[in-house]
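Following: one structure in structure tokens, then a few remarks.
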Amino acid sequence: MQTLIVNIGRLAGIIDDPGVRTLAGAEMQQFQCIDRAYLLVEDGRIADYGPMDDAPALSVPQMDAEGGTVLPAFCDPHTHIVYADSREGEFVDKIRGLSYAEIARRGGGILNSADRLHALSEDELFEQAMHRVREIIRKGTGAVEIKSGYGLNPDDELKMLRVIRRIKQSVPMPVVATFLGAHAVPRGQSQDAYVEQIIHETLPEVARQGLAEYVDVFCDEGFFTPAQTDAILQAAAAYGLLPKIHAEELAPSGGVAVAVKNHAGSVDHLENMDPAGIPLLRQSGTIPTALPGTSFFLNMPCAPARSLIVAGLPLAVASDYNPGSTPSGDMKFIVSLACIKLRLLPAEALNAATINAAAAMRLSHLCGSVTRGKLANLVITEPIPSIDFIPYAYTSPLVRQVLLAGQPQL
């Protein structure tokens with residue numbers, strides 16, 4: 001089946017070479033565009049594109065972009081959107097001056113979400129999560145990673161991963177599942193004992209049921225040490241699970257080094273990254289991923305995005321959508337924050353949220369750019385004067401239509 005999208009004011013985010021996995025350093029300033037364009041979709045994939053004057057004369061259904069910009073749908077490589085209920089009480093605690101760590105010590109944070117999740121049925125958890133998934137699609141996301149990590153025991157972690165599998169089966173976009181059993185230590189259990197349980201009980205069952213592609217660890221001050229992180233990632237590698245980790249959000253934790261050692265696909269957060277981690281990343285294939293929504297919501301430092309790009313690295317950005325530190329999955333807003341808080345140029349921010357974010361999930365062969373053969377996961381905006389207007393108009397509802405595999409979703 002073919003669909004011809006016509007009257008595109010600007011076709012943006014073009015990468016002609018399907019072998020390009022990331023854009024790094026100065027390359028991130030490139031966001032190739034064609035003004036007055038068409039795009040041909042065939043069997044859910046991008047078949048061709050070019051200037052409108054060269055549009056093929058085909059007797060196929062047409063979609064009129066009405067002068068709007070067409071760009072690749074956002075890719076969100078770090079979310080926690082399978083969770084039970086909200087935590088606005090902790091939001092008020094933060095306003096009153098309590099830190100993330102203080103709230104956690106008082107029984108809030110991740111342990112609070114684990115208690116709530118335990119009380120919810122799998123069907124209830126799925127319905128809550130699907131509401132959020134539909135929300136992020138409406139806002140322009142066309143590929144997403146979803147983590148477990150609010151179970152903190154084998155049964156509830158597996159419940160979360162089954163919900164993620166149901167989401168995969170329910171939406172027409174790539175969904176990557178990540179097992180994050182090492183998100184926090186459950187009440188009444190020692191840290192070492194819990195790590196042993198993850199390695200010897202939960203991980204084998206996750207692998208046996210084929211419930212995850214990735215494994216993640218919260219390697220940070222007050223959570224899991226580099227040695228514990230390394231042990232979990234090594235155990236996961238034996239089952240073919242790929243590593244991607246939380247690191248250096250709260251303090252320089254050594255997380256970058258353990259991520260690089262284990263060939264992690266990405267190392268995420270980095271708000272308190274030690275500058276010594278930059279040369280380590282330059283020698284690796286690990287993609288640094290910044291979460292500016294977390295810095296915004298928690299009034300924390302931002303990841304050293306500018307330094308990472310100057311060092312020639314392929315920065316990605318993600319929403320970190322979760323109930324405690326970032327209750328938003330709006331990737332357009334993340335692009336704006338990347339410009340405002342991380343000091344990225346608009347083209348850099350858009351590349352960080354598309355092609356590089358796709359690569360952080362190992363999905364850049366499928367999505368993240370306007371490339372022949374990739375999925376037609378696209379955003380059509382209202383008519384706008386330039387791509388710079390997307391992050392500039394940070395609350396304007398510019399997304400008019402979202403296509404997943406070429407099919408309208410709004």
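We name chains A, B, ... following the order of the structure tokens; residues begin at 1 in each chain, and ligands are numbered from 1 as shown.
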**Prompt:** Which neighbours of Thr371 in chain A fall inside 6 Å, counting only C-alpha atoms, when residues of the same chain fewer than 2 positions from it are skipped, and could you give them as a list of chain:residue names?
**Reply:** A:Ile15, A:Asp16, A:Ser369, A:Lys374
**Asked** Any idea what's packed within 6 Å of range 354-362 of chain A, counting only C-alpha atoms, ignoring anything in its chain fewer than 4 positions away? Could you give it as a VMD selection string?
**Response** chain A and resid 22 74 to 75 77 265 to 266 316 368 to 369
Just the selected residues (N, CA and C atoms), exported as a PDB file, in the first residue's frame, please.
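Now in selection-v5.pdb:
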```
ATOM      1  N   THR A  22      24.599   7.316  14.040  1.00  0.00           N
ATOM      2  CA  THR A  22      24.529   8.476  14.925  1.00  0.00           C
ATOM      3  C   THR A  22      25.131   9.678  14.217  1.00  0.00           C
ATOM      4  N   PHE A  74       9.814  11.653  17.352  1.00  0.00           N
ATOM      5  CA  PHE A  74      10.797  11.603  18.427  1.00  0.00           C
ATOM      6  C   PHE A  74      11.007  10.157  18.885  1.00  0.00           C
ATOM      7  N   CYS A  75      12.214   9.884  19.338  1.00  0.00           N
ATOM      8  CA  CYS A  75      12.552   8.594  19.935  1.00  0.00           C
ATOM      9  C   CYS A  75      12.915   8.858  21.394  1.00  0.00           C
ATOM     10  N   PRO A  77      14.535   7.194  24.590  1.00  0.00           N
ATOM     11  CA  PRO A  77      15.284   6.006  25.000  1.00  0.00           C
ATOM     12  C   PRO A  77      15.410   5.787  26.504  1.00  0.00           C
ATOM     13  N   GLY A 265      24.968   0.172  25.853  1.00  0.00           N
ATOM     14  CA  GLY A 265      24.428   0.933  24.733  1.00  0.00           C
ATOM     15  C   GLY A 265      24.340   2.406  25.054  1.00  0.00           C
ATOM     16  N   SER A 266      23.998   2.715  26.299  1.00  0.00           N
ATOM     17  CA  SER A 266      23.945   4.115  26.722  1.00  0.00           C
ATOM     18  C   SER A 266      24.240   4.213  28.204  1.00  0.00           C
ATOM     19  N   ALA A 316      22.502  11.882  23.130  1.00  0.00           N
ATOM     20  CA  ALA A 316      21.054  11.649  23.006  1.00  0.00           C
ATOM     21  C   ALA A 316      20.352  12.331  24.169  1.00  0.00           C
ATOM     22  N   GLY A 368      14.196   7.394  13.470  1.00  0.00           N
ATOM     23  CA  GLY A 368      15.050   8.469  13.921  1.00  0.00           C
ATOM     24  C   GLY A 368      15.500   9.423  12.843  1.00  0.00           C
ATOM     25  N   SER A 369      15.182   9.131  11.576  1.00  0.00           N
ATOM     26  CA  SER A 369      15.534  10.047  10.494  1.00  0.00           C
ATOM     27  C   SER A 369      14.609   9.786   9.312  1.00  0.00           C
TER      28      SER A 369
END
```
**Selected residue of minimal separation from Gly50 in chain A among A:Val6, A:Val144, A:Met63, A:Leu71, counting only C-alpha atoms** =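 For Gly50 in chain A, the nearest of the candidates is A:Val6.
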**Asked** Skipping near chain neighbours, those fewer than 4 positions away, what residues fall within 9 Å of Ile387 in chain A using only C-alpha atoms, listed as a list in words?
**Response** Arg10, Ala12, Phe31, Thr69, Pro346, Ala347, Leu350 and Pro391 of chain A
**Spatial neighbours of Ile146 in chain A, 9 Å, only C-alpha atoms, chain gap at least 5 places, as a list in words** =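 Contacts, in chain order: Pro77, His78, Thr79, His80, Ile81, Val82, Leu161, Ile164, Val175, Val176, Ala177, Thr178 and Phe179 of chain A.
Counting only C-alpha atoms, Ala276 in chain A has the following residues at most 12 Å away, ignoring those fewer than 6 positions along the same chain: Pro252, Ser253, Gly254, Gly255, Val256, Ala257, Arg282, Ser307, Leu308 and Ala311 of chain A.
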**Request:** Using CA of Val41 in chain A and CA of Ile390 in chain A as the two end points, give the distance in Å to one decimal.
**Result:** 24.2 Å
Closest atom pairs, residues of range 87-107 of chain A within 12 Å of range 186-197 of chain A, only C-alpha atoms, as CSV:
```
residue,atom,partner,partner_atom,distance
A:Ala104,CA,A:Arg187,CA,11.6
A:Arg105,CA,A:Arg187,CA,11.0
A:Arg106,CA,A:Arg187,CA,11.8
A:Gly107,CA,A:Arg187,CA,9.1
```
